[in-house]
Amino acid sequence: MRVSGFARTCDPHPALRATLSQRERDPISRMHKAVFMDRDGTVSEEIGYMYDAGLYKPFSYAGPAIRRINESGMKAVLITNQSGVGRGYFEEAAVHRIHDLLRAELHRHGARLDAVYFCPHDPQAGCDCRKPQPGMLRRAEKELDVDLAASYVIGDKQADVETAYAAGAKAILVLTGYGRAEREMHKTSARQPHLVAENLSEAVDAILAGALA
């Protein structure tokens with residue numbers, strides 16, 4: 001069921017609803033580390049506005065990488081800006097279809113996402129969920145009992161780096177998607193990634209090895 005407002009734009013997967021039910025039964029549940037991942041250019045190929053689910057192609061290493069996150073006990077969370085909805089380029093239903101495809105692909109590898117959040121707003125809307133604002137992470141903090149200071153944001157844009165800083169998390173820039181160009185463009189920025197990795201798989205391996213501890 002979709003509900004109005006911010007919750008609708010960041011509608012959680014059924015697995016998240018199950019997690020929330022468990023929290024209600026166990027209000028003293030401990031805080032979790034999380035790995036927040038950008039979608040296009042990080043988990044999947046970057047093709048611009050993803051208006052057609054038929055164009056969606058997760059990277060071959062995404063499933064195994066996310067499975068390793070699952071096995072570690074950390075939360076695996078997708079966070080993505082999808083302003084094409086707000087701009088009128090495609091319907092919100094198209095975003096949900098793509099995320100269903102991604103979940104199915106991850107399932108083939110024994111992997112899962114603990115939550116999926118997306119911002120559908122036009123950049124001029126002034127919302128607090130569009131990266132680099134930390135709204136999606138703040139929501140996960142509440143809904144998944146996430147310790148943001150012990151968590152990570154992986155993405156291919158400076159906006160992902162800025163999002164991590166805004167939430168007090170560690171930032172990892174991957175060189176897939178727009179990553180190489182973004183690294184060069186923002187090499188003098190005051191906020192640099194805590195780690196630069198070749199791709200999502202390498203980033204996850206670094207996290208699990210304690211490279212950013």
# chains A, B, ... in the order shown; residues from 1 in each chain; ligands from 1

$ residues_around --residues "A:Ala65" --least-positions-apart "4" --cutoff "8 Å" --atoms "only C-alpha atoms" --output "PDB file with N, CA, C and O atoms, in the first residue's frame"
ATOM      1  N   TYR A  61      28.385  -7.967 -10.377  1.00  0.00           N
ATOM      2  CA  TYR A  61      28.929  -8.169  -9.037  1.00  0.00           C
ATOM      3  C   TYR A  61      28.028  -7.621  -7.931  1.00  0.00           C
ATOM      4  O   TYR A  61      28.319  -7.783  -6.739  1.00  0.00           O
ATOM      5  N   ILE A  69      27.178  -8.111   2.361  1.00  0.00           N
ATOM      6  CA  ILE A  69      26.662  -7.171   3.363  1.00  0.00           C
ATOM      7  C   ILE A  69      25.653  -7.885   4.257  1.00  0.00           C
ATOM      8  O   ILE A  69      25.704  -7.779   5.491  1.00  0.00           O
ATOM      9  N   LEU A 200      31.432  -1.270  -6.641  1.00  0.00           N
ATOM     10  CA  LEU A 200      30.690  -1.642  -5.435  1.00  0.00           C
ATOM     11  C   LEU A 200      31.320  -2.830  -4.719  1.00  0.00           C
ATOM     12  O   LEU A 200      31.436  -2.841  -3.493  1.00  0.00           O
ATOM     13  N   SER A 201      31.736  -3.827  -5.479  1.00  0.00           N
ATOM     14  CA  SER A 201      32.317  -5.017  -4.882  1.00  0.00           C
ATOM     15  C   SER A 201      33.567  -4.678  -4.077  1.00  0.00           C
ATOM     16  O   SER A 201      33.751  -5.134  -2.939  1.00  0.00           O
ATOM     17  N   VAL A 204      32.618  -2.789  -0.859  1.00  0.00           N
ATOM     18  CA  VAL A 204      32.101  -3.681   0.188  1.00  0.00           C
ATOM     19  C   VAL A 204      33.229  -4.467   0.828  1.00  0.00           C
ATOM     20  O   VAL A 204      33.293  -4.625   2.053  1.00  0.00           O
ATOM     21  N   ASP A 205      34.148  -4.970   0.020  1.00  0.00           N
ATOM     22  CA  ASP A 205      35.282  -5.704   0.560  1.00  0.00           C
ATOM     23  C   ASP A 205      36.095  -4.834   1.515  1.00  0.00           C
ATOM     24  O   ASP A 205      36.545  -5.302   2.576  1.00  0.00           O
TER      25      ASP A 205
END

$ closest_atom_pairs --of "stretch 116-183 of chain A" --to "stretch 71-86 of chain A" --cutoff "7 Å" --atoms "only C-alpha atoms" --output "tab-separated table"
residue	atom	partner	partner_atom	distance
A:Val116	CA	A:Leu78	CA	4.8
A:Tyr117	CA	A:Ile79	CA	5.0
A:Phe118	CA	A:Thr80	CA	4.8
A:Cys119	CA	A:Asn81	CA	4.9
A:Pro120	CA	A:Gln82	CA	4.7
A:His121	CA	A:Gly86	CA	4.6
A:Asp122	CA	A:Gly86	CA	4.7
A:Pro123	CA	A:Ser83	CA	6.9
A:Arg130	CA	A:Asn81	CA	5.9
A:Lys131	CA	A:Asn81	CA	6.6
A:Met136	CA	A:Ile79	CA	6.8

$ residues_around --residues "A:Gly155" --least-positions-apart "4" --cutoff "7 Å" --atoms "only C-alpha atoms" --output "NGL selection string"
:A and (37-38 or 42 or 160 or 172-174)

$ select_by_dssp --residues "stretch 50-168 of chain A" --states "strand (DSSP E or B)" --output "ChimeraX atom specification"
/A:58,75-81,115-119,146,152-155

$ closest_residue --among "A:Gly110, A:Gly210, A:Gly48, A:Gly168" --to "A:Asn70" --atoms "only C-alpha atoms"
A:Gly110

$ atom_distance --atom1 "atom CA of A:Arg39" --atom2 "atom CA of A:Ile207"
18.3 Å

$ closest_residue --among "A:Cys127, A:Ala93, A:Val35, A:Val146" --to "A:Ala171" --atoms "only C-alpha atoms"
A:Val35

$ closest_residue --among "A:Glu141, A:Glu182, A:Asp147, A:Glu105" --to "A:Ala159" --atoms "only C-alpha atoms"
A:Glu182

$ closest_residue --among "A:Ala94, A:Leu212, A:Ile66, A:Ala140" --to "A:Arg108" --atoms "only C-alpha atoms"
A:Ile66

$ residues_around --residues "A:Gly54" --least-positions-apart "4" --cutoff "10 Å" --atoms "only C-alpha atoms" --output "list in words"
Met50, Arg97, Ile98 and Leu101 of chain A

$ closest_residue --among "A:Ala190, A:Ala181, A:Leu148, A:Ala62" --to "A:Ala164" --atoms "only C-alpha atoms"
A:Leu148

$ residues_around --residues "A:Arg103" --least-positions-apart "4" --cutoff "8 Å" --atoms "only C-alpha atoms" --output "PyMOL selection string"
chain A and resi 99+107+112-113

$ write_last_selection --atoms "all heavy atoms" --output "CSV table (one decimal), in the first residue's frame"
chain,number,residue,atom,x,y,z
A,99,HIS,N,12.7,-1.5,-9.3
A,99,HIS,CA,13.2,-2.0,-8.0
A,99,HIS,C,12.7,-3.4,-7.8
A,99,HIS,O,13.4,-4.2,-7.2
A,99,HIS,CB,12.7,-1.1,-6.8
A,99,HIS,CG,13.3,0.2,-6.8
A,99,HIS,ND1,12.8,1.3,-6.2
A,99,HIS,CD2,14.5,0.6,-7.4
A,99,HIS,CE1,13.6,2.4,-6.4
A,99,HIS,NE2,14.7,2.0,-7.1
A,107,HIS,N,17.8,-11.7,-5.5
A,107,HIS,CA,17.4,-13.0,-4.9
A,107,HIS,C,18.1,-14.2,-5.6
A,107,HIS,O,18.4,-15.2,-5.0
A,107,HIS,CB,15.9,-13.1,-5.1
A,107,HIS,CG,15.3,-14.4,-4.6
A,107,HIS,ND1,15.1,-14.6,-3.2
A,107,HIS,CD2,14.8,-15.5,-5.2
A,107,HIS,CE1,14.6,-15.8,-3.1
A,107,HIS,NE2,14.4,-16.4,-4.2
A,112,ARG,N,19.6,-9.6,-0.5
A,112,ARG,CA,18.4,-8.9,-0.3
A,112,ARG,C,18.7,-7.4,0.1
A,112,ARG,O,19.8,-7.2,0.6
A,112,ARG,CB,17.5,-9.5,0.8
A,112,ARG,CG,18.1,-9.3,2.2
A,112,ARG,CD,17.3,-9.9,3.3
A,112,ARG,NE,17.9,-9.6,4.6
A,112,ARG,CZ,18.9,-10.1,5.1
A,112,ARG,NH1,19.6,-11.1,4.5
A,112,ARG,NH2,19.4,-9.7,6.3
A,113,LEU,N,17.7,-6.5,-0.1
A,113,LEU,CA,17.8,-5.2,0.4
A,113,LEU,C,16.9,-5.1,1.6
A,113,LEU,O,15.8,-5.5,1.5
A,113,LEU,CB,17.4,-4.2,-0.7
A,113,LEU,CG,18.3,-4.0,-1.9
A,113,LEU,CD1,17.6,-3.3,-3.0
A,113,LEU,CD2,19.6,-3.4,-1.5
